[in-house]
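Data file: data38.pdb. Format and content: PDB, C-alpha atoms.
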```pdb
MODEL        1
ATOM      1  CA  MET Z   1     154.852 -40.858 -86.106  1.00  0.00           C
ATOM      2  CA  LYS Z   2     158.295 -41.315 -87.575  1.00  0.00           C
ATOM      3  CA  ALA Z   3     156.813 -43.095 -90.561  1.00  0.00           C
ATOM      4  CA  SER Z   4     154.484 -40.173 -91.367  1.00  0.00           C
ATOM      5  CA  ARG Z   5     157.387 -37.690 -91.161  1.00  0.00           C
ATOM      6  CA  ARG Z   6     159.431 -39.872 -93.498  1.00  0.00           C
ATOM      7  CA  ARG Z   7     156.528 -40.022 -95.987  1.00  0.00           C
ATOM      8  CA  SER Z   8     156.115 -36.267 -95.715  1.00  0.00           C
ATOM      9  CA  ARG Z   9     159.832 -35.679 -96.473  1.00  0.00           C
ATOM     10  CA  ASP Z  10     159.724 -38.158 -99.351  1.00  0.00           C
ATOM     11  CA  GLY Z  11     156.695 -36.355-100.783  1.00  0.00           C
ATOM     12  CA  ILE Z  12     158.353 -32.933-100.531  1.00  0.00           C
ATOM     13  CA  SER Z  13     161.623 -34.167-102.039  1.00  0.00           C
ATOM     14  CA  SER Z  14     159.672 -35.835-104.848  1.00  0.00           C
ATOM     15  CA  VAL Z  15     157.875 -32.555-105.628  1.00  0.00           C
ATOM     16  CA  ILE Z  16     161.191 -30.655-105.541  1.00  0.00           C
ATOM     17  CA  GLY Z  17     162.782 -33.297-107.791  1.00  0.00           C
ATOM     18  CA  VAL Z  18     159.912 -33.116-110.282  1.00  0.00           C
ATOM     19  CA  ALA Z  19     160.087 -29.292-110.262  1.00  0.00           C
ATOM     20  CA  ALA Z  20     163.855 -29.453-110.910  1.00  0.00           C
ATOM     21  CA  LEU Z  21     163.320 -31.894-113.786  1.00  0.00           C
ATOM     22  CA  ILE Z  22     160.638 -29.657-115.273  1.00  0.00           C
ATOM     23  CA  LEU Z  23     162.968 -26.655-114.960  1.00  0.00           C
ATOM     24  CA  VAL Z  24     165.808 -28.569-116.684  1.00  0.00           C
ATOM     25  CA  PHE Z  25     163.363 -29.669-119.408  1.00  0.00           C
ATOM     26  CA  ILE Z  26     162.228 -26.050-119.968  1.00  0.00           C
ATOM     27  CA  VAL Z  27     165.848 -24.859-120.215  1.00  0.00           C
ATOM     28  CA  ILE Z  28     166.686 -27.599-122.736  1.00  0.00           C
ATOM     29  CA  VAL Z  29     163.582 -26.858-124.835  1.00  0.00           C
ATOM     30  CA  SER Z  30     164.381 -23.106-124.756  1.00  0.00           C
ATOM     31  CA  PHE Z  31     167.940 -23.818-125.877  1.00  0.00           C
ATOM     32  CA  LEU Z  32     166.732 -26.030-128.734  1.00  0.00           C
ATOM     33  CA  ILE Z  33     164.191 -23.430-129.882  1.00  0.00           C
ATOM     34  CA  ALA Z  34     166.887 -20.725-129.895  1.00  0.00           C
ATOM     35  CA  LEU Z  35     169.252 -23.063-131.743  1.00  0.00           C
ATOM     36  CA  PHE Z  36     166.654 -23.860-134.423  1.00  0.00           C
ATOM     37  CA  TYR Z  37     165.893 -20.143-134.796  1.00  0.00           C
ATOM     38  CA  ARG Z  38     169.604 -19.370-135.358  1.00  0.00           C
ATOM     39  CA  LEU Z  39     169.927 -22.249-137.829  1.00  0.00           C
ATOM     40  CA  THR Z  40     166.913 -20.941-139.759  1.00  0.00           C
ATOM     41  CA  GLU Z  41     168.460 -17.445-139.889  1.00  0.00           C
ATOM     42  CA  PHE Z  42     171.760 -18.924-141.091  1.00  0.00           C
ATOM     43  CA  ALA Z  43     170.023 -20.980-143.779  1.00  0.00           C
ATOM     44  CA  GLN Z  44     168.122 -17.903-145.030  1.00  0.00           C
ATOM     45  CA  HIS Z  45     171.327 -15.842-145.129  1.00  0.00           C
ATOM     46  CA  ALA Z  46     173.227 -18.603-146.947  1.00  0.00           C
ATOM     47  CA  SER Z  47     170.365 -18.926-149.436  1.00  0.00           C
ATOM     48  CA  ALA Z  48     170.422 -15.170-150.104  1.00  0.00           C
ATOM     49  CA  VAL Z  49     174.193 -15.218-150.679  1.00  0.00           C
ATOM     50  CA  ILE Z  50     173.950 -18.186-153.046  1.00  0.00           C
ATOM     51  CA  ARG Z  51     171.059 -16.556-154.930  1.00  0.00           C
ATOM     52  CA  SER Z  52     173.038 -13.292-155.264  1.00  0.00           C
ATOM     53  CA  ARG Z  53     176.126 -15.103-156.553  1.00  0.00           C
ATOM     54  CA  ALA Z  54     174.056 -17.088-159.039  1.00  0.00           C
ATOM     55  CA  GLU Z  55     172.433 -13.881-160.257  1.00  0.00           C
ATOM     56  CA  GLY Z  56     175.865 -12.260-160.620  1.00  0.00           C
ATOM     57  CA  GLU Z  57     177.075 -15.181-162.721  1.00  0.00           C
ATOM     58  CA  ALA Z  58     173.932 -15.029-164.859  1.00  0.00           C
ATOM     59  CA  ILE Z  59     174.532 -11.326-165.484  1.00  0.00           C
ATOM     60  CA  LEU Z  60     178.157 -11.917-166.471  1.00  0.00           C
ATOM     61  CA  LYS Z  61     177.125 -14.681-168.876  1.00  0.00           C
ATOM     62  CA  SER Z  62     174.415 -12.594-170.533  1.00  0.00           C
ATOM     63  CA  VAL Z  63     176.255  -9.267-170.939  1.00  0.00           C
ATOM     64  CA  SER Z  64     179.056  -8.978-173.461  1.00  0.00           C
ATOM     65  CA  GLY Z  65     181.288  -6.093-174.315  1.00  0.00           C
ATOM     66  CA  TRP Z  66     184.507  -4.904-175.879  1.00  0.00           C
ATOM     67  CA  TRP Z  67     186.634  -1.798-176.021  1.00  0.00           C
ATOM     68  CA  ALA Z  68     188.793  -0.283-178.743  1.00  0.00           C
ATOM     69  CA  VAL Z  69     190.791   2.884-179.231  1.00  0.00           C
ATOM     70  CA  ASN Z  70     190.058   4.868-182.405  1.00  0.00           C
ATOM     71  CA  ASN Z  71     192.346   7.915-182.747  1.00  0.00           C
ATOM     72  CA  SER Z  72     191.887   9.610-179.364  1.00  0.00           C
ATOM     73  CA  ASN Z  73     188.524   8.035-178.558  1.00  0.00           C
ATOM     74  CA  LEU Z  74     187.953   5.018-176.343  1.00  0.00           C
ATOM     75  CA  ILE Z  75     184.917   3.148-177.631  1.00  0.00           C
ATOM     76  CA  ILE Z  76     183.150   0.789-175.236  1.00  0.00           C
ATOM     77  CA  ASN Z  77     180.460  -1.442-176.746  1.00  0.00           C
ATOM     78  CA  THR Z  78     178.145  -3.371-174.421  1.00  0.00           C
ATOM     79  CA  THR Z  79     175.183  -5.600-175.283  1.00  0.00           C
ATOM     80  CA  SER Z  80     172.827  -7.011-172.673  1.00  0.00           C
ATOM     81  CA  ARG Z  81     170.819 -10.183-173.080  1.00  0.00           C
ATOM     82  CA  TYR Z  82     169.893 -10.302-169.416  1.00  0.00           C
ATOM     83  CA  SER Z  83     166.171 -10.549-168.687  1.00  0.00           C
ATOM     84  CA  GLN Z  84     166.092  -7.380-166.580  1.00  0.00           C
ATOM     85  CA  ALA Z  85     167.426  -3.880-167.050  1.00  0.00           C
ATOM     86  CA  LEU Z  86     170.873  -3.275-165.581  1.00  0.00           C
ATOM     87  CA  LEU Z  87     172.631  -0.065-164.660  1.00  0.00           C
ATOM     88  CA  VAL Z  88     176.179   0.787-165.688  1.00  0.00           C
ATOM     89  CA  THR Z  89     177.298   2.561-162.520  1.00  0.00           C
ATOM     90  CA  THR Z  90     181.071   2.865-163.005  1.00  0.00           C
ATOM     91  CA  ILE Z  91     183.515   2.831-165.915  1.00  0.00           C
ATOM     92  CA  THR Z  92     187.186   2.231-165.123  1.00  0.00           C
ATOM     93  CA  VAL Z  93     189.962   2.583-167.692  1.00  0.00           C
ATOM     94  CA  LEU Z  94     193.503   1.528-166.744  1.00  0.00           C
ATOM     95  CA  PHE Z  95     196.530   2.761-168.708  1.00  0.00           C
ATOM     96  CA  ASN Z  96     199.993   1.212-169.093  1.00  0.00           C
ATOM     97  CA  ASP Z  97     201.585   3.864-166.840  1.00  0.00           C
ATOM     98  CA  ALA Z  98     199.244   2.791-163.955  1.00  0.00           C
ATOM     99  CA  SER Z  99     197.094   5.909-164.314  1.00  0.00           C
ATOM    100  CA  LYS Z 100     193.368   5.444-164.605  1.00  0.00           C
ATOM    101  CA  ILE Z 101     190.096   7.130-165.415  1.00  0.00           C
ATOM    102  CA  VAL Z 102     187.167   6.309-163.157  1.00  0.00           C
ATOM    103  CA  VAL Z 103     183.788   7.614-164.227  1.00  0.00           C
ATOM    104  CA  SER Z 104     180.868   7.233-161.833  1.00  0.00           C
ATOM    105  CA  GLN Z 105     177.801   9.119-160.733  1.00  0.00           C
ATOM    106  CA  TYR Z 106     179.867  10.678-157.934  1.00  0.00           C
ATOM    107  CA  ASN Z 107     182.461  12.439-160.077  1.00  0.00           C
ATOM    108  CA  GLU Z 108     182.028  15.085-162.712  1.00  0.00           C
ATOM    109  CA  THR Z 109     180.865  14.048-166.165  1.00  0.00           C
ATOM    110  CA  LEU Z 110     183.658  14.014-168.743  1.00  0.00           C
ATOM    111  CA  ARG Z 111     183.386  16.856-171.223  1.00  0.00           C
ATOM    112  CA  ASP Z 112     184.260  14.867-174.333  1.00  0.00           C
ATOM    113  CA  ALA Z 113     182.221  11.763-173.668  1.00  0.00           C
ATOM    114  CA  TYR Z 114     178.854  10.607-174.869  1.00  0.00           C
ATOM    115  CA  VAL Z 115     176.636   7.541-175.073  1.00  0.00           C
ATOM    116  CA  VAL Z 116     174.961   6.077-178.149  1.00  0.00           C
ATOM    117  CA  LEU Z 117     172.121   3.712-177.309  1.00  0.00           C
ATOM    118  CA  LYS Z 118     171.123   1.335-180.122  1.00  0.00           C
ATOM    119  CA  LYS Z 119     167.730  -0.280-179.775  1.00  0.00           C
ATOM    120  CA  PRO Z 120     166.990  -3.738-181.277  1.00  0.00           C
ATOM    121  CA  GLY Z 121     165.235  -2.152-184.294  1.00  0.00           C
ATOM    122  CA  GLY Z 122     168.359  -0.199-185.235  1.00  0.00           C
ATOM    123  CA  GLU Z 123     167.210   3.173-183.886  1.00  0.00           C
ATOM    124  CA  ALA Z 124     170.023   5.082-182.138  1.00  0.00           C
ATOM    125  CA  MET Z 125     170.014   7.878-179.568  1.00  0.00           C
ATOM    126  CA  LYS Z 126     173.043  10.016-178.632  1.00  0.00           C
ATOM    127  CA  SER Z 127     173.396  11.805-175.289  1.00  0.00           C
ATOM    128  CA  PRO Z 128     176.164  13.153-173.031  1.00  0.00           C
ATOM    129  CA  LEU Z 129     177.767  10.575-170.743  1.00  0.00           C
ATOM    130  CA  LYS Z 130     176.161  10.685-167.314  1.00  0.00           C
ATOM    131  CA  LEU Z 131     176.074   7.632-165.102  1.00  0.00           C
ATOM    132  CA  PRO Z 132     174.220   5.481-164.281  1.00  0.00           C
ATOM    133  CA  ILE Z 133     173.270   4.307-167.768  1.00  0.00           C
ATOM    134  CA  ALA Z 134     170.344   1.906-168.155  1.00  0.00           C
ATOM    135  CA  LEU Z 135     171.250  -1.222-170.103  1.00  0.00           C
ATOM    136  CA  SER Z 136     167.949  -2.705-171.267  1.00  0.00           C
ATOM    137  CA  PRO Z 137     167.553  -6.292-172.508  1.00  0.00           C
ATOM    138  CA  GLY Z 138     168.535  -6.598-176.169  1.00  0.00           C
ATOM    139  CA  HIS Z 139     169.996  -3.112-176.401  1.00  0.00           C
ATOM    140  CA  THR Z 140     173.550  -2.218-177.394  1.00  0.00           C
ATOM    141  CA  THR Z 141     175.250   0.734-175.748  1.00  0.00           C
ATOM    142  CA  LEU Z 142     178.271   2.544-177.199  1.00  0.00           C
ATOM    143  CA  ILE Z 143     180.171   4.727-174.765  1.00  0.00           C
ATOM    144  CA  ILE Z 144     182.693   7.040-176.401  1.00  0.00           C
ATOM    145  CA  ILE Z 145     185.260   8.796-174.207  1.00  0.00           C
ATOM    146  CA  ASN Z 146     187.923  11.198-175.471  1.00  0.00           C
ATOM    147  CA  ILE Z 147     191.208  10.030-173.915  1.00  0.00           C
ATOM    148  CA  SER Z 148     193.675  12.237-175.782  1.00  0.00           C
ATOM    149  CA  THR Z 149     197.008  10.983-174.427  1.00  0.00           C
ATOM    150  CA  ASN Z 150     199.328  12.296-177.163  1.00  0.00           C
ATOM    151  CA  GLY Z 151     200.580   8.743-177.690  1.00  0.00           C
ATOM    152  CA  SER Z 152     202.299   8.702-174.296  1.00  0.00           C
ATOM    153  CA  LYS Z 153     200.166   5.922-172.819  1.00  0.00           C
ATOM    154  CA  GLU Z 154     198.034   3.044-173.968  1.00  0.00           C
ATOM    155  CA  VAL Z 155     194.827   1.583-172.597  1.00  0.00           C
ATOM    156  CA  LEU Z 156     195.465  -1.746-170.844  1.00  0.00           C
ATOM    157  CA  THR Z 157     191.939  -2.633-169.826  1.00  0.00           C
ATOM    158  CA  ALA Z 158     188.462  -1.264-169.335  1.00  0.00           C
ATOM    159  CA  THR Z 159     185.818  -2.509-166.903  1.00  0.00           C
ATOM    160  CA  LEU Z 160     182.193  -1.709-166.220  1.00  0.00           C
ATOM    161  CA  THR Z 161     180.393  -2.072-162.920  1.00  0.00           C
ATOM    162  CA  LEU Z 162     176.835  -3.306-163.481  1.00  0.00           C
ATOM    163  CA  SER Z 163     174.098  -3.354-160.900  1.00  0.00           C
ATOM    164  CA  ASN Z 164     170.498  -4.252-160.371  1.00  0.00           C
ATOM    165  CA  PRO Z 165     168.574  -3.946-157.101  1.00  0.00           C
ATOM    166  CA  SER Z 166     170.163  -7.031-155.536  1.00  0.00           C
ATOM    167  CA  THR Z 167     173.528  -7.571-157.249  1.00  0.00           C
ATOM    168  CA  LEU Z 168     176.670  -5.644-158.129  1.00  0.00           C
ATOM    169  CA  VAL Z 169     179.159  -7.173-160.608  1.00  0.00           C
ATOM    170  CA  THR Z 170     182.241  -5.999-162.482  1.00  0.00           C
ATOM    171  CA  LEU Z 171     182.467  -6.879-166.159  1.00  0.00           C
ATOM    172  CA  SER Z 172     185.958  -6.946-167.636  1.00  0.00           C
ATOM    173  CA  LEU Z 173     185.715  -5.954-171.286  1.00  0.00           C
ATOM    174  CA  ARG Z 174     187.848  -7.591-173.956  1.00  0.00           C
ATOM    175  CA  ASN Z 175     190.059  -5.646-176.316  1.00  0.00           C
ATOM    176  CA  ARG Z 176     188.439  -5.779-179.741  1.00  0.00           C
ATOM    177  CA  ASN Z 177     191.831  -5.703-181.470  1.00  0.00           C
ATOM    178  CA  GLU Z 178     193.160  -8.805-179.687  1.00  0.00           C
TER
ENDMDL
END
```
Spell out the structure here as structure tokens.
Amino acid sequence: MKASRRRSRDGISSVIGVAALILVFIVIVSFLIALFYRLTEFAQHASAVIRSRAEGEAILKSVSGWWAVNNSNLIINTTSRYSQALLVTTITVLFNDASKIVVSQYNETLRDAYVVLKKPGGEAMKSPLKLPIALSPGHTTLIIINISTNGSKEVLTATLTLSNPSTLVTLSLRNRNE
């Protein structure tokens, strides 16, 4: 009789042990599945960041521009060779006295400012400055802003913020006279 009780206890403890091992196995598998899911999310996010940075660099390499001051007008010339249309969303002009002009779609359009868009065939269109401005592939855009300063300050630098649906970059323009 004692032998049958011992076998019965051994059988029950074996079943409990197997159930515990199965439970531990399920927990480990669940942990590994969650870990792989998080790693996949991280890899997708890292890939998106790398793709966005590469696109930003490609935009900066394919868009060129300069600025110059002619009398009281600031002339900004930008040419795009990027494969897609870009938007000029912000123009920032910094002066030597630390003052600045920031033109964007969120502030009022400057009164004495306009845009001349030159198409590859040489045709030109003139319109008042209102951002954003579409910068199509192969087109040259002249932005002319009246900055009458009475000689009291000079332009130090001008930058454009360019965007497309997935990237936002700032293009520092070179001074044409330097």
Excluding Tyr114 in chain Z and any residue of its chain fewer than 6 positions from it, enumerate the residues within 8 Å of it, using only C-alpha atoms, and give them as a list in words. Lys126, Ser127, Pro128, Leu129, Ile143, Ile144 and Ile145 of chain Z
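Nearest to Leu168 in chain Z of all the residues Z:Thr89, Z:Ser83, Z:Ser13, Z:Asn73 is Z:Thr89, based on all atoms listed in the file.
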Calculated over all atoms listed in the file, which of the candidates Z:Ser47, Z:Val63, Z:Ser136, Z:Ala19 has the smallest distance to Asn77 in chain Z? Z:Val63
With the file shown as input, list the residues that the PyMOL selection byres ((chain Z and resi 90) around 12) selects, as a ChimeraX atom specification. /Z:87-89,91-93,101-107,109,129-134,143,158-163,168-172
Do you know which residues are at most 12 Å from Asn70 in chain Z counting all atoms listed in the file, after dropping those on the same chain fewer than 4 positions away, and could you put them as a PyMOL selection string? chain Z and resi 74-76+144-148+154-155+176-177
To one decimal in Å, tell me the separation between CA of Ala58 in chain Z and CA of Gln44 in chain Z. 20.9 Å
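Proximity to Gly65 in chain Z was assessed for Z:Ser166, Z:Ile50, Z:Gly122, Z:Arg81 counting all atoms listed in the file; the smallest distance is recorded for Z:Arg81.
Residues surrounding Thr140 in chain Z within 8 Å are Asn77, Thr78, Thr79, Ser80, Leu117, Lys118, Lys119 and Pro120 of chain Z [all atoms listed in the file; sequence separation below 6 positions excluded].
For the choices Z:Val69, Z:Leu135, Z:Ile22, Z:Val116, the atom-to-atom distance to Lys153 in chain Z is smallest for Z:Val69 when using all atoms listed in the file.
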Adding 3 Å on each side of the box along x, y and z that holds all listed atoms of range 76-82 of chain Z, could you give its centre and edge lengths in Å to one decimal, as AutoDock Vina command-line options?
```
--center_x 176.5 --center_y -4.8 --center_z -173.1 --size_x 19.3 --size_y 17.1 --size_z 13.3
```
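Of the listed residues (Z:Tyr37, Z:Tyr82, Z:Phe42, Z:Phe25), Z:Tyr82 comes nearest to Glu55 in chain Z; the distances count all atoms listed in the file.
If all atoms listed in the file are the atoms counted, then among Z:Ser52, Z:Ser152, Z:Ser64, Z:Thr40 the closest residue to Ser99 in chain Z is Z:Ser152.
Atom to atom, CA of Asn164 in chain Z and CA of Ala43 in chain Z stand 23.6 Å apart.
Between CA of Thr157 in chain Z and CA of Asn175 in chain Z lies a distance of 7.4 Å.
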Where atoms are missing, can you supply N, CA and C atoms for range 121-137 of chain Z and output the lot as a PDB file, in the coordinates of the input?
```
ATOM      1  N   GLY Z 121     165.700  -2.469-182.943  1.00  0.00           N
ATOM      2  CA  GLY Z 121     165.235  -2.152-184.294  1.00  0.00           C
ATOM      3  C   GLY Z 121     166.233  -1.368-185.113  1.00  0.00           C
ATOM      4  N   GLY Z 122     167.347  -0.956-184.519  1.00  0.00           N
ATOM      5  CA  GLY Z 122     168.359  -0.199-185.235  1.00  0.00           C
ATOM      6  C   GLY Z 122     168.332   1.284-184.928  1.00  0.00           C
ATOM      7  N   GLU Z 123     167.306   1.765-184.242  1.00  0.00           N
ATOM      8  CA  GLU Z 123     167.210   3.173-183.886  1.00  0.00           C
ATOM      9  C   GLU Z 123     168.299   3.513-182.873  1.00  0.00           C
ATOM     10  N   ALA Z 124     168.933   4.681-183.035  1.00  0.00           N
ATOM     11  CA  ALA Z 124     170.023   5.082-182.138  1.00  0.00           C
ATOM     12  C   ALA Z 124     169.733   6.445-181.529  1.00  0.00           C
ATOM     13  N   MET Z 125     170.155   6.597-180.272  1.00  0.00           N
ATOM     14  CA  MET Z 125     170.014   7.878-179.568  1.00  0.00           C
ATOM     15  C   MET Z 125     171.377   8.256-179.010  1.00  0.00           C
ATOM     16  N   LYS Z 126     171.758   9.532-179.128  1.00  0.00           N
ATOM     17  CA  LYS Z 126     173.043  10.016-178.632  1.00  0.00           C
ATOM     18  C   LYS Z 126     172.785  11.009-177.511  1.00  0.00           C
ATOM     19  N   SER Z 127     173.541  10.877-176.406  1.00  0.00           N
ATOM     20  CA  SER Z 127     173.396  11.805-175.289  1.00  0.00           C
ATOM     21  C   SER Z 127     174.733  11.935-174.562  1.00  0.00           C
ATOM     22  N   PRO Z 128     174.925  13.010-173.806  1.00  0.00           N
ATOM     23  CA  PRO Z 128     176.164  13.153-173.031  1.00  0.00           C
ATOM     24  C   PRO Z 128     176.285  12.016-172.002  1.00  0.00           C
ATOM     25  N   LEU Z 129     177.524  11.655-171.699  1.00  0.00           N
ATOM     26  CA  LEU Z 129     177.767  10.575-170.743  1.00  0.00           C
ATOM     27  C   LEU Z 129     177.466  11.057-169.331  1.00  0.00           C
ATOM     28  N   LYS Z 130     176.502  10.421-168.708  1.00  0.00           N
ATOM     29  CA  LYS Z 130     176.161  10.685-167.314  1.00  0.00           C
ATOM     30  C   LYS Z 130     175.702   9.364-166.725  1.00  0.00           C
ATOM     31  N   LEU Z 131     176.400   8.919-165.709  1.00  0.00           N
ATOM     32  CA  LEU Z 131     176.074   7.632-165.102  1.00  0.00           C
ATOM     33  C   LEU Z 131     175.076   7.812-163.980  1.00  0.00           C
ATOM     34  N   PRO Z 132     174.275   6.812-163.683  1.00  0.00           N
ATOM     35  CA  PRO Z 132     174.220   5.481-164.281  1.00  0.00           C
ATOM     36  C   PRO Z 132     173.498   5.480-165.630  1.00  0.00           C
ATOM     37  N   ILE Z 133     173.886   4.504-166.455  1.00  0.00           N
ATOM     38  CA  ILE Z 133     173.270   4.307-167.768  1.00  0.00           C
ATOM     39  C   ILE Z 133     172.445   3.036-167.699  1.00  0.00           C
ATOM     40  N   ALA Z 134     171.198   3.100-168.134  1.00  0.00           N
ATOM     41  CA  ALA Z 134     170.344   1.906-168.155  1.00  0.00           C
ATOM     42  C   ALA Z 134     170.725   1.039-169.339  1.00  0.00           C
ATOM     43  N   LEU Z 135     170.920  -0.240-169.068  1.00  0.00           N
ATOM     44  CA  LEU Z 135     171.250  -1.222-170.103  1.00  0.00           C
ATOM     45  C   LEU Z 135     170.062  -2.167-170.190  1.00  0.00           C
ATOM     46  N   SER Z 136     169.177  -1.919-171.135  1.00  0.00           N
ATOM     47  CA  SER Z 136     167.949  -2.705-171.267  1.00  0.00           C
ATOM     48  C   SER Z 136     168.223  -4.009-172.009  1.00  0.00           C
ATOM     49  N   PRO Z 137     167.368  -5.015-171.807  1.00  0.00           N
ATOM     50  CA  PRO Z 137     167.553  -6.292-172.508  1.00  0.00           C
ATOM     51  C   PRO Z 137     167.509  -6.105-174.025  1.00  0.00           C
TER      52      PRO Z 137
END
```
